[in-house]
$ cat structure.txt   # compact mmCIF, C-alpha atoms
# COMPACT_ATOMS: atom_id res chain seq x y z
CA MET E 240 -31.42 0.34 1.86
CA ILE E 241 -28.75 -0.86 -0.54
CA GLN E 242 -25.52 -1.52 1.36
CA ALA E 243 -21.93 -1.87 0.21
CA PRO E 244 -20.98 -5.48 -0.63
CA LYS E 245 -19.32 -7.56 2.08
CA GLY E 246 -15.60 -6.99 2.18
CA THR E 247 -15.72 -3.43 0.82
CA LYS E 248 -15.75 -0.08 2.56
CA ASP E 249 -16.19 3.62 1.91
CA VAL E 250 -13.25 5.90 2.66
CA TYR E 251 -13.99 9.54 3.48
CA GLY E 252 -13.46 12.33 6.03
CA GLU E 253 -10.61 11.94 8.51
CA GLU E 254 -9.62 8.54 7.13
CA MET E 255 -9.39 9.97 3.61
CA ARG E 256 -6.99 12.64 4.86
CA LEU E 257 -4.81 9.86 6.28
CA TRP E 258 -4.88 8.07 2.91
CA HIS E 259 -3.78 11.27 1.16
CA TYR E 260 -0.96 11.66 3.67
CA ILE E 261 0.27 8.11 3.01
CA GLU E 262 -0.06 8.49 -0.76
CA ASN E 263 1.88 11.76 -0.72
CA GLU E 264 4.70 10.08 1.24
CA ILE E 265 4.68 7.16 -1.22
CA ARG E 266 5.10 9.51 -4.18
CA ALA E 267 7.85 11.51 -2.48
CA ILE E 268 9.85 8.42 -1.50
CA THR E 269 9.47 6.59 -4.81
CA GLN E 270 10.58 9.73 -6.64
CA ALA E 271 13.69 9.92 -4.45
CA TYR E 272 14.43 6.26 -5.29
CA GLY E 273 13.89 6.77 -9.03
CA TYR E 274 10.73 4.67 -9.40
CA THR E 275 8.07 5.58 -11.96
CA GLU E 276 4.37 4.84 -11.68
CA ILE E 277 2.60 2.15 -13.69
CA ARG E 278 -1.17 1.60 -13.84
CA THR E 279 -2.18 -1.85 -15.09
CA PRO E 280 -5.75 -3.03 -15.88
CA ILE E 281 -8.02 -4.00 -13.01
CA PHE E 282 -8.81 -7.23 -14.88
CA GLU E 283 -6.47 -9.47 -16.84
CA HIS E 284 -6.65 -12.84 -18.60
CA THR E 285 -7.02 -15.49 -15.90
CA ASP E 286 -4.05 -17.44 -17.27
CA LEU E 287 -1.71 -14.58 -16.28
CA PHE E 288 -2.41 -15.19 -12.59
CA VAL E 289 -2.47 -18.99 -12.90
CA ARG E 290 0.99 -18.94 -14.50
CA GLY E 291 2.38 -15.96 -12.61
CA VAL E 292 1.00 -16.29 -9.08
CA GLY E 293 0.89 -20.10 -9.14
CA ASP E 294 -1.89 -22.69 -9.43
CA THR E 295 -1.13 -24.08 -5.95
CA THR E 296 -1.70 -20.78 -4.16
CA ASP E 297 -4.81 -19.93 -2.17
CA ILE E 298 -5.17 -16.85 -4.36
CA VAL E 299 -5.65 -18.86 -7.56
CA GLN E 300 -7.43 -21.85 -6.04
CA LYS E 301 -9.90 -20.05 -3.78
CA GLU E 302 -9.82 -16.26 -3.89
CA MET E 303 -9.94 -14.87 -7.44
CA TYR E 304 -12.98 -13.15 -8.89
CA THR E 305 -13.11 -14.92 -12.26
CA PHE E 306 -15.73 -14.50 -14.99
CA LEU E 307 -16.31 -15.07 -18.70
CA ASP E 308 -16.71 -12.04 -20.91
CA LYS E 309 -19.21 -11.89 -23.77
CA ALA E 310 -16.73 -13.61 -26.07
CA GLY E 311 -16.28 -16.49 -23.62
CA ARG E 312 -12.79 -15.47 -22.50
CA SER E 313 -11.83 -16.13 -18.88
CA LEU E 314 -10.89 -12.92 -17.11
CA SER E 315 -10.09 -12.26 -13.45
CA LEU E 316 -10.09 -9.15 -11.31
CA ARG E 317 -6.55 -8.33 -10.27
CA PRO E 318 -5.74 -10.18 -7.00
CA GLU E 319 -2.21 -8.72 -6.71
CA GLY E 320 0.00 -6.28 -8.59
CA THR E 321 3.21 -8.07 -9.53
CA ALA E 322 1.89 -10.36 -12.29
CA GLY E 323 0.32 -7.45 -14.17
CA ALA E 324 3.48 -5.38 -13.88
CA ALA E 325 5.52 -8.33 -15.20
CA ARG E 326 3.14 -8.77 -18.14
CA ALA E 327 3.43 -5.06 -18.94
CA TYR E 328 7.25 -5.25 -18.73
CA VAL E 329 7.26 -7.94 -21.41
CA GLU E 330 4.40 -6.68 -23.59
CA ARG E 331 5.59 -3.05 -23.65
CA GLY E 332 9.20 -3.94 -24.38
CA MET E 333 10.57 -2.39 -21.19
CA HIS E 334 13.50 -4.82 -21.37
CA ASN E 335 14.78 -2.68 -24.26
CA HIS E 336 15.17 0.32 -21.96
CA PRO E 337 18.23 0.93 -19.77
CA GLN E 338 18.08 -1.61 -16.94
CA PRO E 339 17.01 -2.02 -14.23
CA THR E 340 13.39 -0.94 -14.65
CA ARG E 341 11.97 0.52 -11.45
CA LEU E 342 8.16 0.70 -11.15
CA TYR E 343 5.60 1.43 -8.46
CA TYR E 344 1.81 1.28 -8.34
CA ALA E 345 -1.06 1.94 -5.96
CA GLY E 346 -4.58 0.70 -6.61
CA PRO E 347 -7.33 -1.79 -5.80
CA ASN E 348 -6.95 -5.57 -5.75
CA PHE E 349 -9.72 -8.13 -5.31
CA ARG E 350 -9.71 -11.39 -3.34
CA TYR E 351 -12.69 -13.44 -2.20
CA GLU E 352 -11.57 -14.23 1.34
CA ASN E 353 -12.82 -14.01 4.89
CA THR E 354 -12.99 -10.38 5.95
CA GLN E 355 -11.00 -9.37 9.01
CA LEU E 356 -9.83 -6.17 10.63
CA GLY E 357 -7.78 -4.40 7.96
CA ARG E 358 -8.40 -7.09 5.32
CA TYR E 359 -11.07 -6.55 2.69
CA ARG E 360 -12.22 -8.29 -0.49
CA GLN E 361 -11.48 -5.06 -2.30
CA HIS E 362 -8.26 -3.72 -0.84
CA SER E 363 -5.75 -1.14 -2.00
CA GLN E 364 -2.12 -2.07 -2.41
CA PHE E 365 1.03 -0.06 -2.86
CA GLY E 366 3.80 -2.04 -4.51
CA VAL E 367 7.20 -1.64 -6.09
CA GLU E 368 8.92 -3.84 -8.68
CA VAL E 369 12.50 -3.86 -9.98
CA PHE E 370 13.14 -5.85 -13.17
CA GLY E 371 16.50 -6.59 -14.76
CA ALA E 372 18.84 -7.06 -11.77
CA TYR E 373 20.08 -10.22 -10.04
CA THR E 374 22.35 -8.83 -7.31
CA PRO E 375 21.51 -8.77 -3.58
CA ALA E 376 21.84 -4.98 -3.80
CA THR E 377 18.46 -5.07 -5.54
CA GLU E 378 16.77 -6.64 -2.52
CA ALA E 379 18.62 -4.22 -0.25
CA GLU E 380 17.29 -1.26 -2.24
CA VAL E 381 13.71 -2.50 -2.26
CA ILE E 382 13.81 -3.36 1.46
CA SER E 383 15.33 0.03 2.24
CA LEU E 384 12.48 1.75 0.36
CA GLY E 385 9.95 -0.07 2.51
CA HIS E 386 11.96 0.73 5.63
CA THR E 387 12.09 4.41 4.64
CA LEU E 388 8.32 4.53 4.18
CA ILE E 389 7.62 2.88 7.53
CA SER E 390 10.11 5.21 9.24
CA ARG E 391 8.75 8.35 7.53
CA LEU E 392 5.19 7.44 8.51
CA LYS E 393 6.35 6.66 12.08
CA VAL E 394 4.74 3.21 12.12
CA GLU E 395 5.62 1.70 15.50
CA ASN E 396 6.69 -1.80 16.56
CA VAL E 397 7.54 -3.12 13.11
CA ASN E 398 10.23 -5.78 12.67
CA LEU E 399 11.87 -6.83 9.40
CA HIS E 400 12.05 -10.62 8.89
CA ILE E 401 14.19 -12.02 6.06
CA ASN E 402 14.86 -15.48 4.73
CA SER E 403 16.19 -17.29 1.67
CA ILE E 404 14.08 -20.09 0.20
CA GLY E 405 16.73 -21.13 -2.33
CA CYS E 406 16.55 -21.48 -6.08
CA THR E 407 15.48 -24.11 -8.61
CA VAL E 408 18.74 -25.98 -7.95
CA CYS E 409 18.77 -26.28 -4.17
CA ARG E 410 15.08 -26.00 -3.31
CA PRO E 411 14.19 -29.52 -4.55
CA ILE E 412 16.74 -30.85 -2.06
CA TYR E 413 14.92 -29.04 0.72
CA HIS E 414 11.56 -30.24 -0.55
CA ALA E 415 12.77 -33.84 -0.30
CA LYS E 416 14.02 -33.34 3.28
CA LEU E 417 10.83 -31.57 4.36
CA LYS E 418 8.62 -34.28 2.84
CA GLU E 419 10.68 -36.98 4.54
CA TYR E 420 10.22 -35.19 7.88
CA LEU E 421 6.46 -34.72 7.36
CA ALA E 422 5.67 -38.15 5.91
CA SER E 423 4.93 -39.70 9.29
CA LYS E 424 2.89 -36.63 10.34
CA LEU E 425 0.85 -36.29 7.15
CA GLU E 426 -2.43 -37.54 8.63
CA ASN E 427 -2.23 -34.94 11.41
CA LEU E 428 -1.75 -31.98 9.07
CA CYS E 429 -4.72 -29.83 8.07
CA GLY E 430 -6.44 -30.56 4.75
CA THR E 431 -4.77 -27.64 2.98
CA CYS E 432 -1.30 -28.76 4.05
CA ARG E 433 -2.01 -32.33 2.92
CA GLU E 434 -2.84 -30.95 -0.53
CA ARG E 435 0.39 -28.93 -0.53
CA PHE E 436 2.52 -31.93 0.47
CA ASP E 437 3.00 -33.11 -3.11
CA LYS E 438 2.43 -29.90 -5.08
CA ASN E 439 4.44 -27.38 -3.03
CA PRO E 440 5.60 -28.62 0.40
CA LEU E 441 7.41 -25.34 1.13
CA ARG E 442 4.01 -23.64 1.49
CA ILE E 443 3.26 -25.85 4.50
CA LEU E 444 5.64 -23.65 6.47
CA ASP E 445 3.23 -20.75 5.80
CA CYS E 446 0.27 -22.49 7.44
CA LYS E 447 -1.24 -20.54 10.34
CA THR E 448 -3.03 -23.52 11.90
CA PRO E 449 -1.64 -23.99 15.45
CA ASN E 450 -1.51 -27.79 15.15
CA CYS E 451 0.49 -27.62 11.91
CA GLN E 452 2.87 -25.10 13.43
CA THR E 453 3.43 -27.47 16.37
CA LEU E 454 4.21 -30.33 13.99
CA LEU E 455 6.74 -28.10 12.19
CA THR E 456 8.69 -27.24 15.35
CA GLU E 457 11.62 -29.52 14.51
CA ALA E 458 11.29 -29.40 10.72
CA PRO E 459 14.52 -29.03 8.71
CA LEU E 460 15.43 -25.46 7.80
CA VAL E 461 15.71 -24.28 4.23
CA LEU E 462 18.80 -22.23 5.13
CA ASP E 463 20.64 -25.49 5.84
CA THR E 464 20.18 -26.71 2.25
CA LEU E 465 21.14 -23.57 0.30
CA ASP E 466 23.76 -24.04 -2.38
CA GLU E 467 26.90 -21.89 -2.34
CA GLU E 468 25.50 -19.26 -4.70
CA CYS E 469 22.27 -18.79 -2.74
CA ARG E 470 24.12 -18.74 0.58
CA THR E 471 26.57 -16.09 -0.66
CA HIS E 472 23.66 -14.03 -2.04
CA PHE E 473 21.84 -14.11 1.29
CA GLU E 474 24.96 -13.29 3.29
CA GLU E 475 25.70 -10.29 1.07
CA LEU E 476 22.16 -9.01 1.56
CA GLN E 477 22.61 -9.16 5.32
CA LEU E 478 25.89 -7.24 5.05
CA LEU E 479 24.24 -4.53 2.94
CA LEU E 480 21.32 -4.13 5.32
CA THR E 481 23.75 -3.91 8.24
CA ARG E 482 25.76 -1.20 6.45
CA MET E 483 22.52 0.72 5.87
CA GLY E 484 21.67 0.52 9.55
CA ILE E 485 18.48 -1.49 8.92
CA ASN E 486 17.79 -4.00 11.66
CA PHE E 487 16.48 -7.42 10.64
CA ILE E 488 15.63 -10.87 11.97
CA VAL E 489 16.65 -13.97 10.02
CA ASP E 490 13.44 -16.02 10.08
CA PRO E 491 13.95 -19.52 8.56
CA LYS E 492 10.19 -20.12 8.40
CA ALA E 493 9.29 -17.00 6.42
CA VAL E 494 8.23 -18.27 2.98
CA ARG E 495 5.40 -15.99 1.66
CA GLY E 496 2.22 -17.31 0.08
CA ILE E 497 2.93 -16.90 -3.64
CA ASP E 498 4.74 -19.44 -5.82
CA TYR E 499 6.92 -17.10 -7.87
CA TYR E 500 9.40 -16.24 -5.10
CA THR E 501 13.02 -17.41 -5.31
CA ARG E 502 15.88 -16.83 -2.92
CA THR E 503 15.08 -13.78 -0.78
CA VAL E 504 11.72 -13.30 0.92
CA PHE E 505 11.01 -10.63 3.52
CA GLU E 506 8.21 -9.23 5.67
CA PHE E 507 7.79 -6.12 7.78
CA ILE E 508 5.66 -7.43 10.63
CA ALA E 509 3.66 -5.42 13.19
CA PRO E 510 1.82 -7.09 16.09
CA GLY E 511 -1.04 -9.03 14.53
CA TYR E 512 -0.33 -8.68 10.84
CA THR E 513 2.20 -8.14 8.06
CA VAL E 514 2.54 -4.55 6.87
CA ILE E 515 4.82 -5.21 3.86
CA GLY E 516 5.72 -8.49 2.19
CA GLY E 517 7.88 -9.28 -0.80
CA GLY E 518 10.97 -10.91 -2.22
CA ARG E 519 12.87 -11.98 -5.32
CA TYR E 520 11.17 -13.68 -8.30
CA ASP E 521 13.70 -14.49 -11.02
CA GLY E 522 11.39 -16.89 -12.86
CA LEU E 523 8.31 -14.71 -13.17
CA ILE E 524 9.16 -12.82 -16.37
CA GLY E 525 9.82 -16.14 -18.10
CA GLU E 526 6.46 -17.49 -16.89
CA VAL E 527 4.57 -14.61 -18.55
CA GLY E 528 6.37 -14.93 -21.88
CA GLY E 529 9.60 -12.97 -21.55
CA GLN E 530 13.26 -13.89 -21.37
CA PRO E 531 14.69 -14.92 -17.96
CA THR E 532 14.97 -11.68 -15.98
CA GLY E 533 15.78 -10.92 -12.37
CA GLY E 534 13.00 -9.32 -10.34
CA VAL E 535 12.39 -8.06 -6.80
CA GLY E 536 9.36 -6.34 -5.31
CA PHE E 537 6.96 -5.95 -2.42
CA GLY E 538 3.32 -5.19 -1.71
CA MET E 539 1.79 -3.18 1.12
CA GLY E 540 -1.89 -3.10 2.05
CA ILE E 541 -2.87 0.52 2.54
CA GLU E 542 -5.92 -0.32 4.67
CA ARG E 543 -3.73 -2.17 7.16
CA LEU E 544 -1.29 0.71 7.30
CA VAL E 545 -4.14 3.18 7.88
CA LEU E 546 -5.47 0.95 10.66
CA ARG E 547 -2.03 0.76 12.23
CA LEU E 548 -1.62 4.53 12.21
CA GLN E 549 -5.12 5.03 13.64
CA GLU E 550 -4.26 2.69 16.52
CA GLN E 551 -1.21 4.75 17.44
CA ALA E 552 -1.44 7.68 19.80
CA ASN E 553 0.73 9.81 17.52
CA ALA E 554 -1.43 9.59 14.38
CA PRO E 555 0.16 12.08 11.97
CA ILE E 556 -2.99 13.70 10.60
CA THR E 557 -5.33 16.13 12.30
CA ALA E 558 -8.38 17.75 10.78
CA THR E 559 -7.77 20.88 8.74
CA GLY E 560 -10.48 23.38 7.93
CA PRO E 561 -10.75 26.37 5.61
CA THR E 562 -8.08 29.02 5.82
CA LEU E 563 -10.87 31.61 5.63
CA PHE E 564 -14.63 31.40 6.04
CA ILE E 565 -16.46 34.44 4.67
CA GLY E 566 -19.87 34.95 6.21
CA HIS E 567 -22.51 37.31 4.86
CA ALA E 568 -25.43 39.28 6.33
CA ASP E 569 -27.50 40.10 3.21
CA PRO E 570 -27.83 39.12 -0.47
CA GLU E 571 -25.25 41.62 -1.75
CA GLY E 572 -22.82 40.50 0.94
CA ALA E 573 -23.41 36.90 -0.17
CA ARG E 574 -22.62 37.75 -3.79
CA LYS E 575 -19.38 39.48 -2.78
CA ALA E 576 -18.48 36.57 -0.47
CA HIS E 577 -18.88 34.03 -3.28
CA GLU E 578 -16.79 36.23 -5.60
CA LEU E 579 -13.99 36.49 -3.06
CA VAL E 580 -14.08 32.77 -2.24
CA TYR E 581 -13.80 31.94 -5.93
CA ASN E 582 -10.76 34.23 -6.35
CA LEU E 583 -9.05 32.81 -3.27
CA ARG E 584 -9.61 29.24 -4.47
CA GLN E 585 -8.12 30.16 -7.83
CA ALA E 586 -5.01 31.24 -5.94
CA GLY E 587 -4.85 27.90 -4.07
CA ILE E 588 -6.36 29.08 -0.76
CA TYR E 589 -8.92 26.82 0.91
CA ALA E 590 -11.85 29.21 1.42
CA GLU E 591 -15.57 28.75 2.08
CA SER E 592 -18.77 30.74 2.23
CA ASP E 593 -22.29 29.68 3.17
CA ILE E 594 -24.37 28.20 0.34
CA THR E 595 -27.25 26.82 2.45
CA GLY E 596 -29.02 30.03 3.53
CA ARG E 597 -27.98 29.93 7.19
CA SER E 598 -28.35 32.91 9.52
CA VAL E 599 -25.19 34.86 10.41
CA LYS E 600 -25.10 33.16 13.83
CA ALA E 601 -25.44 29.71 12.26
CA GLN E 602 -22.72 30.55 9.71
CA MET E 603 -20.26 31.32 12.49
CA LYS E 604 -21.18 28.12 14.33
CA TYR E 605 -20.48 26.20 11.14
CA ALA E 606 -17.14 27.96 10.65
CA ASN E 607 -16.15 26.95 14.17
CA LYS E 608 -17.19 23.32 13.63
CA VAL E 609 -15.18 22.97 10.42
CA LEU E 610 -12.11 24.50 12.13
CA ALA E 611 -11.74 27.59 9.97
CA GLN E 612 -8.50 29.43 10.76
CA PHE E 613 -9.93 32.88 10.02
CA THR E 614 -13.46 34.24 9.64
CA THR E 615 -15.08 37.45 8.51
CA ILE E 616 -18.63 38.70 7.86
CA LEU E 617 -19.64 40.93 4.96
CA GLY E 618 -22.50 43.41 5.34
CA GLN E 619 -23.33 46.86 3.97
CA ASP E 620 -20.61 48.61 6.03
CA GLU E 621 -17.91 46.21 4.81
CA LEU E 622 -19.02 46.55 1.18
CA THR E 623 -19.16 50.34 1.37
CA GLY E 624 -15.73 50.62 2.98
CA ASN E 625 -14.23 47.70 0.97
CA THR E 626 -12.75 46.49 4.25
CA ALA E 627 -13.60 43.61 6.62
CA ASN E 628 -12.48 42.62 10.11
CA VAL E 629 -10.76 39.23 9.81
CA LYS E 630 -10.79 37.21 13.03
CA ASN E 631 -8.10 34.70 13.99
CA MET E 632 -10.15 31.85 15.44
CA GLN E 633 -7.29 30.63 17.64
CA THR E 634 -6.34 33.93 19.29
CA GLY E 635 -9.50 35.98 18.83
CA GLU E 636 -7.43 38.83 17.34
CA GLN E 637 -9.19 40.89 14.67
CA THR E 638 -7.47 42.71 11.81
CA ALA E 639 -8.99 45.21 9.38
CA VAL E 640 -8.12 43.98 5.88
CA SER E 641 -8.99 45.52 2.50
CA LEU E 642 -11.17 43.14 0.50
CA ASP E 643 -8.71 43.62 -2.35
CA ARG E 644 -5.82 42.42 -0.13
CA LEU E 645 -7.30 39.28 1.43
CA LEU E 646 -4.95 37.06 -0.54
CA ASP E 647 -1.87 38.99 0.66
CA PHE E 648 -3.11 38.74 4.26
CA LEU E 649 -3.63 34.97 4.10
CA LYS E 650 -0.33 34.10 2.39
$ encode --input "structure.txt" --output "structure tokens"
Amino acid sequence: MIQAPKGTKDVYGEEMRLWHYIENEIRAITQAYGYTEIRTPIFEHTDLFVRGVGDTTDIVQKEMYTFLDKAGRSLSLRPEGTAGAARAYVERGMHNHPQPTRLYYAGPNFRYENTQLGRYRQHSQFGVEVFGAYTPATEAEVISLGHTLISRLKVENVNLHINSIGCTVCRPIYHAKLKEYLASKLENLCGTCRERFDKNPLRILDCKTPNCQTLLTEAPLVLDTLDEECRTHFEELQLLLTRMGINFIVDPKAVRGIDYYTRTVFEFIAPGYTVIGGGRYDGLIGEVGGQPTGGVGFGMGIERLVLRLQEQANAPITATGPTLFIGHADPEGARKAHELVYNLRQAGIYAESDITGRSVKAQMKYANKVLAQFTTILGQDELTGNTANVKNMQTGEQTAVSLDRLLDFLK
């Protein structure tokens, strides 16, 4: 038997209904916030991710699915959504539109990494991006959108962590202090952190290795080296979130795992994993060929959110069956049933009739299993009188309904 590749999964049935529920909430909330959808290619030129995501990141160094096309060009499957959205912003001239530009997307990303619960090599991500704004109100808006989604979906035990990692002016000062602190501990760091020491020491704070975390216990804090502009920016963000009634935790060790972030980074964290992660990236548009432009965004793994909702006792979705199942006792009854089902479906009513040749008894068993709200059976008497007894499957009540008025009855 041919099986699905490692790190992929099929989504169907009850889980698919939960996906639809989440996607519908995403569309409703992004519409209320004034965000429009963008769909970027699943593969891009590899250089986009090297320049945009960063050549020191695990994504670029270890996780991308990269290949040569027939013309010898290096292409990579999309590992995350922000770089492609930034490329589209520049290439499509969105900077010429009234600013800021508010975009959202939902689609598959690909990373070759160890599979875990809720983490797949092909995973779906919902993300938002705002281009063309530098104020802390931009972060507040993006964070509030994520908060609204988590609240609307009733995701439990989620805490918002925020931090500022400084800018190109003050971050080198922090890098120097962090490297000075770690110099005597370098041999005890893991291999990945030793590689990061020279290229991007800030990323060492993101290491999940217990020994490295122990060595970082007394490390200097980036918040202590912020310049006046970055400090004021971060303080204003906190004031805005407080005015919105959004609780947060200032977490000096939150840094995120992608190189393009500047100033604000944030994570919505549930026990065991991050639900939403994002921040500000004022240098990204310049990296992909545009003029310097402010940017803020976040990404959310839909599989992890689905898993979180499934773990909760108050999962928001229950199975829904046909509004009406029309059974039939003979060939002419079957023909009429299929006609009526077609007309009801045209009117937007979820209706079914048997297409497998089951007996009447088996048809009713099926209707019960698929949780039909109403059922009826068509035979010679019903066809002659143009009337059927429609049964409410919850109460057992039966109502005589003209076959010409089934739609009116079900509305």
$ closest_residue --input "structure.txt" --among "E:Arg597, E:His284, E:Lys575, E:Arg433" --to "E:Arg317" --atoms "only C-alpha atoms"
E:His284
$ closest_residue --input "structure.txt" --among "E:Gly618, E:Gly528, E:Gly533, E:Pro339" --to "E:Pro570" --atoms "only C-alpha atoms"
E:Gly618
$ residues_around --input "structure.txt" --residues "stretch 320-322 of chain E" --least-positions-apart "2" --cutoff "6 Å" --atoms "all atoms listed in the file" --output "PDB file with C-alpha atoms, in the frame of the given file"
ATOM      1  CA  GLY E 291       2.380 -15.960 -12.610  1.00  0.00           C
ATOM      2  CA  ALA E 324       3.480  -5.380 -13.880  1.00  0.00           C
ATOM      3  CA  ALA E 325       5.520  -8.330 -15.200  1.00  0.00           C
TER       4      ALA E 325
END
$ residues_around --input "structure.txt" --residues "stretch 349-360 of chain E" --least-positions-apart "2" --cutoff "7 Å" --atoms "only C-alpha atoms" --output "VMD selection string"
chain E and resid 246 to 247 302 to 304 316 to 318 347 362 542 to 543 546
$ atom_distance --input "structure.txt" --atom1 "atom CA of E:Asn628" --atom2 "atom CA of E:Arg584"
20.0 Å
$ residues_around --input "structure.txt" --residues "E:Asp466" --least-positions-apart "5" --cutoff "9 Å" --atoms "only C-alpha atoms" --output "ChimeraX atom specification"
/E:405-406,408-410,471
$ closest_residue --input "structure.txt" --among "E:Phe282, E:Tyr328, E:Tyr413, E:Tyr344" --to "E:Leu460" --atoms "only C-alpha atoms"
E:Tyr413
$ residues_around --input "structure.txt" --residues "E:Gly540" --least-positions-apart "5" --cutoff "9 Å" --atoms "all atoms listed in the file" --output "mmCIF file with C-alpha atoms, in the coordinates of the input"
data_model
loop_
_atom_site.group_PDB
_atom_site.id
_atom_site.type_symbol
_atom_site.label_atom_id
_atom_site.label_comp_id
_atom_site.auth_asym_id
_atom_site.auth_seq_id
_atom_site.Cartn_x
_atom_site.Cartn_y
_atom_site.Cartn_z
ATOM 1 C CA GLY E 357 -7.780 -4.400 7.960
ATOM 2 C CA ARG E 358 -8.400 -7.090 5.320
ATOM 3 C CA HIS E 362 -8.260 -3.720 -0.840
ATOM 4 C CA SER E 363 -5.750 -1.140 -2.000
ATOM 5 C CA GLN E 364 -2.120 -2.070 -2.410
ATOM 6 C CA PHE E 365 1.030 -0.060 -2.860
ATOM 7 C CA GLY E 366 3.800 -2.040 -4.510
ATOM 8 C CA THR E 513 2.200 -8.140 8.060
ATOM 9 C CA VAL E 514 2.540 -4.550 6.870
ATOM 10 C CA ILE E 515 4.820 -5.210 3.860
ATOM 11 C CA VAL E 545 -4.140 3.180 7.880
#
$ closest_atom_pairs --input "structure.txt" --of "stretch 428-511 of chain E" --to "stretch 379-387 of chain E" --cutoff "9 Å" --atoms "only C-alpha atoms" --output "tab-separated table"
residue	atom	partner	partner_atom	distance
E:Leu476	CA	E:Ala379	CA	6.2
E:Gln477	CA	E:Ala379	CA	8.4
E:Leu479	CA	E:Ala379	CA	6.5
E:Leu480	CA	E:Ala379	CA	6.2
E:Met483	CA	E:Ser383	CA	8.1
E:Ile485	CA	E:Ser383	CA	7.5
E:Phe505	CA	E:Ile382	CA	8.1
E:Phe507	CA	E:His386	CA	8.3
$ write_last_selection --input "structure.txt" --atoms "C-alpha atoms" --output "PDB file, keeping the file's coordinate frame"
ATOM      1  CA  LEU E 476      22.160  -9.010   1.560  1.00  0.00           C
ATOM      2  CA  GLN E 477      22.610  -9.160   5.320  1.00  0.00           C
ATOM      3  CA  LEU E 479      24.240  -4.530   2.940  1.00  0.00           C
ATOM      4  CA  LEU E 480      21.320  -4.130   5.320  1.00  0.00           C
ATOM      5  CA  MET E 483      22.520   0.720   5.870  1.00  0.00           C
ATOM      6  CA  ILE E 485      18.480  -1.490   8.920  1.00  0.00           C
ATOM      7  CA  PHE E 505      11.010 -10.630   3.520  1.00  0.00           C
ATOM      8  CA  PHE E 507       7.790  -6.120   7.780  1.00  0.00           C
TER       9      PHE E 507
END
$ atom_distance --input "structure.txt" --atom1 "atom CA of E:Thr275" --atom2 "atom CA of E:Phe370"
12.6 Å
$ atom_distance --input "structure.txt" --atom1 "atom CA of E:Leu649" --atom2 "atom CA of E:Thr615"
12.5 Å
$ closest_residue --input "structure.txt" --among "E:Ala458, E:Val535, E:Ala271, E:Val397" --to "E:Ile488" --atoms "only C-alpha atoms"
E:Val397
$ residues_around --input "structure.txt" --residues "E:Ser598" --least-positions-apart "3" --cutoff "10 Å" --atoms "all atoms listed in the file" --output "number ranges by chain"
E: 566-569, 593, 595, 601-604
$ write_last_selection --input "structure.txt" --atoms "C-alpha atoms" --output "mmCIF file, in the coordinates of the input"
data_model
loop_
_atom_site.group_PDB
_atom_site.id
_atom_site.type_symbol
_atom_site.label_atom_id
_atom_site.label_comp_id
_atom_site.auth_asym_id
_atom_site.auth_seq_id
_atom_site.Cartn_x
_atom_site.Cartn_y
_atom_site.Cartn_z
ATOM 1 C CA GLY E 566 -19.870 34.950 6.210
ATOM 2 C CA HIS E 567 -22.510 37.310 4.860
ATOM 3 C CA ALA E 568 -25.430 39.280 6.330
ATOM 4 C CA ASP E 569 -27.500 40.100 3.210
ATOM 5 C CA ASP E 593 -22.290 29.680 3.170
ATOM 6 C CA THR E 595 -27.250 26.820 2.450
ATOM 7 C CA ALA E 601 -25.440 29.710 12.260
ATOM 8 C CA GLN E 602 -22.720 30.550 9.710
ATOM 9 C CA MET E 603 -20.260 31.320 12.490
ATOM 10 C CA LYS E 604 -21.180 28.120 14.330
#
$ closest_residue --input "structure.txt" --among "E:Met333, E:Ala376, E:Ala310, E:Leu444" --to "E:Glu475" --atoms "all atoms listed in the file"
E:Ala376
$ closest_residue --input "structure.txt" --among "E:Glu506, E:Asp643, E:Asp286, E:Glu621" --to "E:Glu578" --atoms "all atoms listed in the file"
E:Asp643
$ residues_near_point --input "structure.txt" --point "(14.7, -27.2, 7.2)" --cutoff "8 Å" --atoms "all atoms listed in the file" --output "PyMOL selection string"
chain E and resi 413+416-417+458-464+491
$ axis_aligned_box --input "structure.txt" --around "stretch 301-315 of chain E" --padding-each-side "4 Å" --output "JSON"
{"center_x": -14.5, "center_y": -16.0, "center_z": -14.9, "size_x": 17.4, "size_y": 16.2, "size_z": 30.3}
